[in-house]
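> Got a file for you: structure-v5.cif, mmCIF, C-alpha atoms.
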data_model
loop_
_atom_site.label_atom_id
_atom_site.label_comp_id
_atom_site.auth_asym_id
_atom_site.auth_seq_id
_atom_site.Cartn_x
_atom_site.Cartn_y
_atom_site.Cartn_z
CA MET A 6 117.96 116.93 38.35
CA THR A 7 118.99 120.10 36.59
CA ASP A 8 117.52 123.43 35.65
CA ARG A 9 119.74 123.93 32.63
CA LEU A 10 118.04 123.87 29.27
CA ILE A 11 120.27 121.32 27.63
CA LEU A 12 120.85 118.11 29.54
CA THR A 13 124.29 116.57 29.53
CA LEU A 14 124.38 112.81 29.04
CA ALA A 15 127.51 110.79 29.81
CA ILE A 16 127.84 107.39 28.17
CA LEU A 17 130.30 105.64 30.49
CA GLY A 18 132.28 102.96 28.69
CA GLY A 19 130.77 104.42 25.54
CA THR A 20 133.50 103.86 22.96
CA GLY A 21 131.96 100.67 21.54
CA ASN A 22 129.40 100.42 18.74
CA GLU A 23 126.43 100.61 21.12
CA GLY A 24 127.79 103.64 22.98
CA THR A 25 128.73 105.64 19.89
CA GLY A 26 125.37 104.76 18.29
CA LEU A 27 123.49 106.17 21.29
CA ALA A 28 125.82 109.22 21.33
CA TYR A 29 125.09 109.85 17.67
CA ARG A 30 121.31 109.69 18.14
CA TRP A 31 121.16 111.81 21.29
CA ALA A 32 123.55 114.45 19.93
CA LYS A 33 121.39 114.66 16.81
CA ALA A 34 118.35 115.15 19.09
CA GLY A 35 120.03 118.16 20.69
CA TYR A 36 121.51 116.75 23.89
CA HIS A 37 125.03 117.52 25.00
CA VAL A 38 126.74 114.14 25.00
CA ILE A 39 129.98 113.00 26.62
CA ILE A 40 131.56 109.67 25.76
CA GLY A 41 133.43 108.29 28.76
CA SER A 42 136.18 105.68 28.82
CA ARG A 43 138.94 104.47 31.10
CA SER A 44 141.25 106.03 28.50
CA SER A 45 140.84 109.73 27.78
CA LYS A 46 142.44 109.21 24.36
CA LYS A 47 140.01 106.46 23.32
CA ALA A 48 137.09 108.61 24.50
CA LYS A 49 138.26 111.61 22.45
CA THR A 50 138.80 109.46 19.35
CA ALA A 51 135.30 107.97 19.61
CA ALA A 52 133.78 111.42 20.18
CA SER A 53 135.54 112.91 17.17
CA GLU A 54 134.29 110.09 14.96
CA VAL A 55 130.71 110.80 16.02
CA ASN A 56 131.25 114.54 15.49
CA LYS A 57 132.51 113.86 11.96
CA ARG A 58 129.22 112.10 11.15
CA LEU A 59 127.22 114.91 12.75
CA ALA A 60 129.31 117.57 10.92
CA ARG A 61 129.46 119.55 14.16
CA ASP A 62 131.26 119.34 17.51
CA SER A 63 128.46 118.15 19.83
CA VAL A 64 130.15 115.21 21.50
CA GLU A 65 133.04 115.34 23.94
CA GLY A 66 135.34 112.57 25.11
CA MET A 67 136.79 112.29 28.60
CA ARG A 68 137.67 109.84 31.36
CA ASN A 69 134.71 108.06 32.95
CA ALA A 70 135.10 109.88 36.29
CA ASP A 71 135.17 113.30 34.62
CA ALA A 72 132.22 112.38 32.42
CA ALA A 73 130.22 111.13 35.42
CA ARG A 74 130.98 114.34 37.31
CA ALA A 75 130.01 116.58 34.39
CA CYS A 76 126.73 114.92 33.45
CA ASP A 77 123.09 115.16 34.50
CA ILE A 78 122.29 111.62 33.42
CA ALA A 79 124.78 108.76 33.08
CA ILE A 80 124.38 105.73 30.84
CA LEU A 81 126.50 102.75 31.82
CA SER A 82 127.72 100.68 28.88
CA VAL A 83 130.68 98.60 30.06
CA PRO A 84 131.12 94.83 29.62
CA TYR A 85 129.54 93.01 32.55
CA ALA A 86 132.99 91.93 33.80
CA GLY A 87 133.73 95.58 34.69
CA HIS A 88 130.23 96.49 35.91
CA LYS A 89 130.60 96.42 39.67
CA GLU A 90 134.11 97.81 39.77
CA THR A 91 133.21 100.74 37.52
CA LEU A 92 130.19 101.59 39.66
CA GLU A 93 132.17 101.40 42.90
CA SER A 94 134.76 103.80 41.50
CA LEU A 95 132.09 106.32 40.40
CA LYS A 96 129.72 106.19 43.37
CA GLN A 97 130.46 109.73 44.51
CA GLU A 98 130.26 111.26 41.02
CA LEU A 99 126.88 109.60 40.39
CA ALA A 100 125.19 110.66 43.64
CA GLY A 101 122.03 112.67 43.04
CA LYS A 102 121.87 111.62 39.38
CA LEU A 103 120.02 109.15 37.19
CA LEU A 104 122.00 106.12 36.04
CA ILE A 105 120.61 104.19 33.08
CA ASP A 106 122.17 100.74 33.15
CA VAL A 107 122.40 99.18 29.68
CA VAL A 108 124.76 96.38 30.73
CA VAL A 109 123.80 92.80 29.84
CA PRO A 110 125.10 90.08 32.18
CA LEU A 111 126.12 87.37 29.71
CA ASN A 112 127.95 84.13 30.22
CA SER A 113 131.47 85.05 29.09
CA GLU A 114 131.91 81.60 27.52
CA ASP A 115 128.63 81.76 25.59
CA ILE A 116 127.22 85.21 24.88
CA THR A 117 123.84 83.80 23.85
CA SER A 118 123.36 82.66 27.44
CA LEU A 119 122.38 84.77 30.41
CA LYS A 120 124.37 84.75 33.64
CA VAL A 121 122.14 86.16 36.35
CA PRO A 122 124.09 88.34 38.86
CA PRO A 123 123.72 87.56 42.58
CA ALA A 124 121.65 90.75 43.00
CA GLY A 125 119.11 89.47 40.46
CA SER A 126 120.18 91.66 37.52
CA ALA A 127 122.91 94.11 36.58
CA ALA A 128 120.58 97.02 37.36
CA GLN A 129 119.77 95.70 40.85
CA GLU A 130 123.51 95.29 41.42
CA ALA A 131 124.00 98.92 40.35
CA GLN A 132 121.34 100.10 42.76
CA GLN A 133 122.96 98.10 45.57
CA VAL A 134 126.39 99.60 44.87
CA LEU A 135 125.19 103.18 44.38
CA GLY A 136 122.64 103.26 47.20
CA GLU A 137 119.63 105.53 47.47
CA ALA A 138 121.48 108.66 46.36
CA THR A 139 121.27 107.51 42.74
CA SER A 140 118.16 106.49 40.78
CA VAL A 141 118.81 103.47 38.59
CA THR A 142 116.81 102.45 35.52
CA SER A 143 117.42 99.59 33.13
CA ALA A 144 117.01 100.10 29.36
CA PHE A 145 118.48 99.93 25.83
CA HIS A 146 119.79 96.35 26.14
CA ALA A 147 118.39 94.70 23.08
CA ILE A 148 118.99 97.39 20.48
CA SER A 149 121.14 96.52 17.50
CA HIS A 150 124.00 98.99 17.04
CA THR A 151 123.46 98.61 13.28
CA HIS A 152 120.11 100.30 13.78
CA LEU A 153 121.49 102.97 16.12
CA HIS A 154 124.07 104.06 13.55
CA ARG A 155 121.50 104.39 10.77
CA ASP A 156 119.13 107.30 10.53
CA GLY A 157 115.37 106.90 10.85
CA PRO A 158 113.12 105.06 13.27
CA ILE A 159 114.31 101.77 14.77
CA PRO A 160 112.10 98.65 14.34
CA SER A 161 112.71 97.49 17.89
CA ASP A 162 111.12 98.67 21.14
CA VAL A 163 112.82 99.33 24.47
CA LEU A 164 111.70 97.89 27.82
CA VAL A 165 112.39 100.28 30.70
CA CYS A 166 112.50 99.07 34.33
CA GLY A 167 113.07 101.09 37.48
CA ASP A 168 111.74 101.69 40.96
CA SER A 169 111.27 105.46 40.51
CA ASP A 170 108.47 106.62 38.21
CA ALA A 171 110.19 109.99 37.61
CA ALA A 172 113.42 108.24 36.61
CA LYS A 173 111.49 105.93 34.26
CA GLU A 174 109.73 108.93 32.72
CA GLN A 175 113.07 110.61 32.04
CA THR A 176 114.43 107.37 30.56
CA LEU A 177 111.37 106.99 28.32
CA GLN A 178 112.04 110.52 27.01
CA LEU A 179 115.56 109.50 26.06
CA VAL A 180 114.18 106.38 24.34
CA ALA A 181 111.91 108.58 22.24
CA ALA A 182 114.73 111.06 21.55
CA ALA A 183 116.79 108.17 20.15
CA GLY A 184 113.98 107.24 17.73
CA MET A 185 112.51 104.27 19.57
CA VAL A 186 109.30 103.30 21.32
CA GLY A 187 109.73 102.69 25.05
CA TRP A 188 107.56 100.74 27.49
CA ASP A 189 107.41 100.81 31.27
CA ALA A 190 108.05 97.15 32.04
CA GLY A 191 107.93 97.44 35.83
CA GLY A 192 110.29 97.80 38.77
CA LEU A 193 113.95 96.78 38.99
CA ALA A 194 112.66 93.32 39.99
CA ASN A 195 111.81 92.90 36.29
CA ALA A 196 115.16 94.26 35.00
CA ILE A 197 116.54 90.77 34.29
CA VAL A 198 113.85 90.47 31.59
CA ALA A 199 115.02 93.61 29.78
CA GLU A 200 118.66 92.55 30.18
CA GLY A 201 118.12 88.89 29.31
CA LEU A 202 116.18 89.70 26.19
CA ALA A 203 119.52 90.66 24.64
CA ALA A 204 120.80 87.11 25.20
CA ALA A 205 117.56 85.63 23.84
CA LEU A 206 117.75 87.81 20.73
CA LEU A 207 121.40 86.91 20.08
CA ASN A 208 120.31 83.27 20.18
CA ILE A 209 117.42 84.02 17.83
CA ASN A 210 119.81 85.71 15.37
CA LYS A 211 121.97 82.60 15.37
CA ARG A 212 119.30 79.89 15.26
CA HIS A 213 116.81 81.55 12.94
CA LYS A 214 119.45 83.04 10.63
CA ILE A 215 118.32 86.63 10.94
CA ARG A 216 120.25 89.66 12.12
CA SER A 217 119.58 92.65 14.34
CA ALA A 218 116.66 90.80 15.98
CA GLY A 219 114.55 93.00 18.23
CA ILE A 220 111.04 93.10 19.65
CA ARG A 221 107.92 95.11 19.13
CA VAL A 222 105.30 95.25 21.86
CA THR A 223 101.81 94.47 20.54
CA GLY A 224 98.47 95.08 22.23
CA GLU A 225 94.96 96.33 21.91
CA GLN A 226 93.61 99.62 23.13
CA ALA A 227 91.94 99.14 26.49
CA PRO A 228 88.31 100.24 26.76
CA THR A 229 88.06 103.72 28.29
CA MET B 25 108.75 59.87 22.30
CA THR B 26 105.96 57.91 20.67
CA ASP B 27 105.30 56.08 17.45
CA ARG B 28 101.57 56.69 17.51
CA LEU B 29 100.19 58.97 14.84
CA ILE B 30 98.28 61.28 17.11
CA LEU B 31 100.17 62.72 20.03
CA THR B 32 98.47 63.06 23.37
CA LEU B 33 99.05 66.33 25.19
CA ALA B 34 98.24 66.72 28.87
CA ILE B 35 97.74 70.23 30.20
CA LEU B 36 98.40 69.79 33.91
CA GLY B 37 96.57 72.36 36.00
CA GLY B 38 94.80 73.21 32.78
CA THR B 39 91.33 74.25 33.98
CA GLY B 40 92.11 78.01 33.91
CA ASN B 41 91.69 80.36 30.95
CA GLU B 42 95.21 79.79 29.68
CA GLY B 43 94.94 75.98 29.89
CA THR B 44 91.55 75.71 28.22
CA GLY B 45 92.68 78.17 25.52
CA LEU B 46 95.67 75.98 24.67
CA ALA B 47 93.45 72.86 24.82
CA TYR B 48 91.01 74.45 22.37
CA ARG B 49 93.72 75.36 19.88
CA TRP B 50 95.57 72.03 20.02
CA ALA B 51 92.40 69.97 19.82
CA LYS B 52 91.39 72.00 16.77
CA ALA B 53 94.80 71.24 15.26
CA GLY B 54 94.14 67.50 15.62
CA TYR B 55 95.95 66.60 18.81
CA HIS B 56 94.43 64.43 21.48
CA VAL B 57 94.26 66.71 24.52
CA ILE B 58 93.77 65.93 28.19
CA ILE B 59 93.05 68.63 30.71
CA GLY B 60 94.47 67.69 34.10
CA SER B 61 93.54 69.03 37.50
CA ARG B 62 93.82 68.07 41.15
CA SER B 63 90.07 67.52 40.93
CA SER B 64 88.79 65.02 38.39
CA LYS B 65 85.42 66.78 38.38
CA LYS B 66 86.90 70.21 37.58
CA ALA B 67 88.98 68.65 34.81
CA LYS B 68 85.94 66.97 33.23
CA THR B 69 83.90 70.18 33.41
CA ALA B 70 86.66 72.20 31.72
CA ALA B 71 87.08 69.51 29.05
CA SER B 72 83.37 69.39 28.29
CA GLU B 73 83.27 73.18 27.87
CA VAL B 74 86.07 73.01 25.32
CA ASN B 75 84.34 70.09 23.55
CA LYS B 76 81.16 72.15 23.32
CA ARG B 77 83.04 74.89 21.46
CA LEU B 78 84.70 72.31 19.22
CA ALA B 79 81.37 70.56 18.61
CA ARG B 80 83.10 67.23 19.07
CA ASP B 81 84.54 65.15 21.92
CA SER B 82 88.29 65.68 21.48
CA VAL B 83 89.29 66.75 24.96
CA GLU B 84 89.28 64.57 28.07
CA GLY B 85 89.47 65.60 31.70
CA MET B 86 91.23 63.61 34.43
CA ARG B 87 93.35 63.93 37.54
CA ASN B 88 96.86 65.35 36.96
CA ALA B 89 98.58 62.03 37.73
CA ASP B 90 96.40 60.10 35.28
CA ALA B 91 96.83 62.79 32.65
CA ALA B 92 100.62 62.80 33.11
CA ARG B 93 100.67 58.99 32.80
CA ALA B 94 98.54 58.96 29.66
CA CYS B 95 100.30 61.69 27.69
CA ASP B 96 103.24 61.93 25.33
CA ILE B 97 103.91 65.58 26.13
CA ALA B 98 102.89 67.39 29.32
CA ILE B 99 102.28 71.13 29.64
CA LEU B 100 102.51 72.45 33.19
CA SER B 101 100.14 75.34 33.90
CA VAL B 102 99.75 75.61 37.68
CA PRO B 103 100.16 78.78 39.78
CA TYR B 104 103.80 79.16 40.82
CA ALA B 105 102.88 78.45 44.46
CA GLY B 106 102.09 74.82 43.48
CA HIS B 107 104.91 74.40 40.96
CA LYS B 108 107.49 72.39 42.87
CA GLU B 109 105.01 70.25 44.79
CA THR B 110 103.11 69.30 41.62
CA LEU B 111 106.33 68.31 39.86
CA GLU B 112 107.55 66.25 42.80
CA SER B 113 104.27 64.33 42.87
CA LEU B 114 104.44 63.59 39.11
CA LYS B 115 108.12 62.78 38.70
CA GLN B 116 107.55 59.12 37.90
CA GLU B 117 104.70 59.75 35.45
CA LEU B 118 106.75 62.35 33.55
CA ALA B 119 109.91 60.24 33.15
CA GLY B 120 110.87 59.77 29.50
CA LYS B 121 108.56 62.59 28.38
CA LEU B 122 108.76 66.22 27.36
CA LEU B 123 107.49 68.74 29.90
CA ILE B 124 106.69 72.23 28.62
CA ASP B 125 106.70 74.57 31.60
CA VAL B 126 104.42 77.57 31.11
CA VAL B 127 104.50 78.66 34.75
CA VAL B 128 105.40 82.29 35.52
CA PRO B 129 107.05 82.92 38.91
CA LEU B 130 105.34 86.12 40.01
CA ASN B 131 105.46 87.98 43.27
CA SER B 132 102.21 86.88 44.90
CA GLU B 133 101.72 90.38 46.35
CA ASP B 134 102.27 92.15 43.03
CA ILE B 135 101.69 90.10 39.91
CA THR B 136 103.39 92.67 37.69
CA SER B 137 106.64 91.87 39.46
CA LEU B 138 108.88 88.87 38.91
CA LYS B 139 110.05 86.67 41.77
CA VAL B 140 113.03 84.71 40.55
CA PRO B 141 113.08 81.11 41.93
CA PRO B 142 116.25 79.89 43.64
CA ALA B 143 117.00 77.64 40.64
CA GLY B 144 117.04 80.70 38.34
CA SER B 145 113.63 80.18 36.75
CA ALA B 146 110.57 77.95 37.07
CA ALA B 147 111.81 75.81 34.17
CA GLN B 148 115.23 75.27 35.75
CA GLU B 149 113.46 74.29 38.96
CA ALA B 150 111.37 71.79 36.98
CA GLN B 151 114.49 70.30 35.42
CA GLN B 152 116.10 69.99 38.87
CA VAL B 153 113.06 68.23 40.32
CA LEU B 154 112.47 65.90 37.36
CA GLY B 155 116.12 65.06 36.64
CA GLU B 156 117.55 63.90 33.34
CA ALA B 157 114.74 61.45 32.61
CA THR B 158 112.51 64.33 31.49
CA SER B 159 113.27 67.00 28.90
CA VAL B 160 112.07 70.43 30.02
CA THR B 161 111.32 73.39 27.78
CA SER B 162 109.94 76.79 28.68
CA ALA B 163 107.28 78.44 26.49
CA PHE B 164 103.79 80.03 26.17
CA HIS B 165 104.19 82.42 29.12
CA ALA B 166 103.24 85.72 27.65
CA ILE B 167 100.21 84.72 25.59
CA SER B 168 96.92 86.40 26.36
CA HIS B 169 94.14 83.87 26.98
CA THR B 170 91.80 86.28 25.17
CA HIS B 171 93.79 85.56 22.03
CA LEU B 172 93.93 81.80 22.65
CA HIS B 173 90.15 81.56 22.88
CA ARG B 174 89.62 83.45 19.63
CA ASP B 175 90.12 81.85 16.26
CA GLY B 176 92.75 83.03 13.83
CA PRO B 177 96.44 83.85 14.17
CA ILE B 178 97.71 85.43 17.38
CA PRO B 179 99.58 88.76 17.20
CA SER B 180 102.15 87.69 19.79
CA ASP B 181 105.21 85.48 19.39
CA VAL B 182 106.45 82.75 21.71
CA LEU B 183 110.00 82.48 23.07
CA VAL B 184 111.07 78.85 23.57
CA CYS B 185 114.00 77.91 25.82
CA GLY B 186 115.44 74.48 26.54
CA ASP B 187 118.68 72.53 26.74
CA SER B 188 117.60 69.84 24.23
CA ASP B 189 117.33 70.85 20.58
CA ALA B 190 114.91 67.98 19.84
CA ALA B 191 112.65 69.04 22.70
CA LYS B 192 112.71 72.65 21.49
CA GLU B 193 111.88 71.51 17.95
CA GLN B 194 108.85 69.61 19.27
CA THR B 195 107.79 72.63 21.32
CA LEU B 196 108.13 74.94 18.30
CA GLN B 197 105.80 72.57 16.40
CA LEU B 198 103.19 72.95 19.13
CA VAL B 199 103.62 76.74 18.99
CA ALA B 200 102.87 76.67 15.27
CA ALA B 201 99.95 74.26 15.77
CA ALA B 202 98.42 76.77 18.19
CA GLY B 203 98.63 79.54 15.57
CA MET B 204 101.68 81.38 16.82
CA VAL B 205 105.23 82.12 15.70
CA GLY B 206 107.90 80.55 17.92
CA TRP B 207 111.55 81.47 18.40
CA ASP B 208 114.42 79.45 19.86
CA ALA B 209 115.57 81.85 22.56
CA GLY B 210 118.37 79.66 23.94
CA GLY B 211 118.99 77.21 26.76
CA LEU B 212 117.16 76.94 30.08
CA ALA B 213 119.64 79.57 31.36
CA ASN B 214 117.53 82.07 29.37
CA ALA B 215 114.15 80.75 30.59
CA ILE B 216 113.72 83.57 33.12
CA VAL B 217 113.47 85.94 30.14
CA ALA B 218 110.55 84.03 28.61
CA GLU B 219 108.89 83.71 32.01
CA GLY B 220 109.57 87.26 33.14
CA LEU B 221 108.25 88.76 29.94
CA ALA B 222 104.79 87.89 31.25
CA ALA B 223 105.36 90.13 34.29
CA ALA B 224 106.75 92.90 32.09
CA LEU B 225 103.74 92.71 29.76
CA LEU B 226 101.25 92.77 32.66
CA ASN B 227 102.97 95.95 33.78
CA ILE B 228 102.82 97.37 30.24
CA ASN B 229 99.08 96.63 30.08
CA LYS B 230 98.58 98.56 33.30
CA ARG B 231 100.88 101.52 32.70
CA HIS B 232 100.24 102.06 29.01
CA LYS B 233 96.51 101.37 29.18
CA ILE B 234 96.47 98.58 26.62
CA ARG B 235 95.33 95.00 26.98
CA SER B 236 96.59 91.60 25.85
CA ALA B 237 100.10 93.04 25.36
CA GLY B 238 102.48 90.66 23.62
CA ILE B 239 105.66 90.79 21.59
CA ARG B 240 106.68 90.28 18.00
CA VAL B 241 110.27 89.43 17.17
CA THR B 242 111.65 91.71 14.44
CA GLY B 243 114.79 91.22 12.37
CA GLU B 244 116.40 91.32 8.99
CA GLN B 245 117.22 88.37 6.80
CA ALA B 246 120.87 87.47 7.26
CA PRO B 247 122.98 87.42 4.07
CA THR B 248 123.29 83.88 2.72
#
As structure tokens - that is how I would like this structure written.


Amino acid sequence: MTDRLILTLAILGGTGNEGTGLAYRWAKAGYHVIIGSRSSKKAKTAASEVNKRLARDSVEGMRNADAARACDIAILSVPYAGHKETLESLKQELAGKLLIDVVVPLNSEDITSLKVPPAGSAAQEAQQVLGEATSVTSAFHAISHTHLHRDGPIPSDVLVCGDSDAAKEQTLQLVAAAGMVGWDAGGLANAIVAEGLAAALLNINKRHKIRSAGIRVTGEQAPT
Amino acid sequence: MTDRLILTLAILGGTGNEGTGLAYRWAKAGYHVIIGSRSSKKAKTAASEVNKRLARDSVEGMRNADAARACDIAILSVPYAGHKETLESLKQELAGKLLIDVVVPLNSEDITSLKVPPAGSAAQEAQQVLGEATSVTSAFHAISHTHLHRDGPIPSDVLVCGDSDAAKEQTLQLVAAAGMVGWDAGGLANAIVAEGLAAALLNINKRHKIRSAGIRVTGEQAPT
């Protein structure tokens, strides 16, 4: 995707708690990070807040289209209501790149309930809109922003789905760089599981009176 | 659902490893368990194998329709290919009861890949077929039969979905009786997450060279 030594990541729609938390962790890990937003001003404000915490200027803020153009890898973090429209407007900028879709398609009237998109998942919708020129993976849905904004390892694993093994490998590297354990959970046909887990965990928070619910994958070493 | 002291559970299509594993654990916990099958002979053979391990005659085997008629709570454990047809044939027997759907809708050509049913999930399909007379919950999808057939606690949690709180409460009791930790993961709209997790975990087994992959829910105690 690039032969530069430092990859540039653009977090599109990244001014919320989730986006700035990922920006903080990746900037700390040495990536060049851009926070994108529909508003250049909001993007710059969010970036400068992250830079203040980092005590250095590693994060930039710019409009989504400029961020998408400037990056090697884009991370899409908009509310589901703006998912398709945002992708359609950035199709050209994202061609030839990896898009990591972190969007969770929730029922707008009840955010503990999943609303499955016609394409099967948000990530499959992204792949449909962007076409073959862009590799889409699905990850980082069920991570509490409280954890992202703290330092140290995060007690919650990340399921990664995608139809390209190389794109999944790159995504798993970014999972590790952000201090989490990632797992290859299959093709985009399984993306609704990674996305829907966020809805399930919000429900678990509410019903079991815990907070920042996440998952750990368990298993036994296979015989060699 | 019943005022008898010992509940009768029928595991429909329960002659496989998953069904007999659940039968073993519930019989050990004091429930009266029936293993159902299309073939009365196969059901009786599976039941007698479980009884041998229990060193007592706690499990019966009978045809699915007889098992569904005799039970208080039915657990549906058929391959997805027979899901709808089995439910249609048992609609009358299941009226007024709780059906726990453990069926995972997999792509028959690639079992690490989810194939989402038109209704949104197997459990939503079950609810559509059975109508309001039967309460449907979704649970026990991602549990390794290796773990079920061992004694002791199982290092994998169970997500429970359903639209009736009472039915979910009953299901969570059966999760605990089988030695697992259960979580209320929301309404049937979230059932595809519980079901699809099985496909994701099969993929994780394969790609990460582990076996019996499962999940644990993590979280922090909410402030009181």

> Please, what distance in Å, to one decimal, runs between atom CA of B:Ala53 and atom CA of B:Ala201?

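The value is 6.0 Å.
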
> Which residues, named as in the file, does the PyMOL selection byres ((chain A) within 6 of (chain B)) pick out? Answer as number ranges by chain.

A: 119, 189-191, 194-195, 198, 201, 205, 208-209, 214-227

> Determine the residue membership of the PyMOL selection byres ((chain A and resi 133-145) around 9) for the file above and supply it as JSON, numbers by chain.

{"A": [89, 92, 93, 95, 96, 97, 99, 100, 101, 102, 103, 104, 105, 106, 107, 108, 124, 127, 128, 129, 130, 131, 132, 146, 147, 148, 162, 163, 164, 165, 166, 167, 168, 169, 172, 173, 176, 177, 180, 187, 192, 193, 196, 197, 199, 200]}

> Could you work out how far atom CA of B:Ser101 lies from atom CA of B:Val128, giving the answer in Å with one decimal?

8.9 Å

> Just say which residues the PyMOL selection byres ((chain B and resi 69) around 12) picks in this file, as a PyMOL selection string.

chain B and resi 38-40+44+58-61+63-68+70-76+83-86

> Would you put the residues from that selection into a file with C-alpha atoms, as a PDB file, in the frame of the given file?


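Ended up saving to out06.pdb:
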ATOM      1  CA  GLY B  38      94.800  73.210  32.780  1.00  0.00           C
ATOM      2  CA  THR B  39      91.330  74.250  33.980  1.00  0.00           C
ATOM      3  CA  GLY B  40      92.110  78.010  33.910  1.00  0.00           C
ATOM      4  CA  THR B  44      91.550  75.710  28.220  1.00  0.00           C
ATOM      5  CA  ILE B  58      93.770  65.930  28.190  1.00  0.00           C
ATOM      6  CA  ILE B  59      93.050  68.630  30.710  1.00  0.00           C
ATOM      7  CA  GLY B  60      94.470  67.690  34.100  1.00  0.00           C
ATOM      8  CA  SER B  61      93.540  69.030  37.500  1.00  0.00           C
ATOM      9  CA  SER B  63      90.070  67.520  40.930  1.00  0.00           C
ATOM     10  CA  SER B  64      88.790  65.020  38.390  1.00  0.00           C
ATOM     11  CA  LYS B  65      85.420  66.780  38.380  1.00  0.00           C
ATOM     12  CA  LYS B  66      86.900  70.210  37.580  1.00  0.00           C
ATOM     13  CA  ALA B  67      88.980  68.650  34.810  1.00  0.00           C
ATOM     14  CA  LYS B  68      85.940  66.970  33.230  1.00  0.00           C
ATOM     15  CA  ALA B  70      86.660  72.200  31.720  1.00  0.00           C
ATOM     16  CA  ALA B  71      87.080  69.510  29.050  1.00  0.00           C
ATOM     17  CA  SER B  72      83.370  69.390  28.290  1.00  0.00           C
ATOM     18  CA  GLU B  73      83.270  73.180  27.870  1.00  0.00           C
ATOM     19  CA  VAL B  74      86.070  73.010  25.320  1.00  0.00           C
ATOM     20  CA  ASN B  75      84.340  70.090  23.550  1.00  0.00           C
ATOM     21  CA  LYS B  76      81.160  72.150  23.320  1.00  0.00           C
ATOM     22  CA  VAL B  83      89.290  66.750  24.960  1.00  0.00           C
ATOM     23  CA  GLU B  84      89.280  64.570  28.070  1.00  0.00           C
ATOM     24  CA  GLY B  85      89.470  65.600  31.700  1.00  0.00           C
ATOM     25  CA  MET B  86      91.230  63.610  34.430  1.00  0.00           C
TER      26      MET B  86
END

> In Å, rounded to a single decimal, give me how far atom CA of B:Asn88 is from atom CA of B:Leu36.

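Computing it gives 5.6 Å between the two atoms.
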
> Padding 5 Å on each side, edges along x, y and z: where is the centre of the box around the listed atoms of stretch 145-157 of chain A, and how long are its edges in Å to one decimal? Output it as AutoDock Vina command-line options.


--center_x 119.7 --center_y 101.0 --center_z 18.3 --size_x 18.7 --size_y 22.6 --size_z 25.6

> For B:His173, which residue among B:Pro141, B:Gly37, B:Gly203, B:Gly106 is the nearest when counting all atoms listed in the file?

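Distance minimum relative to B:His173 lands on B:Gly203.
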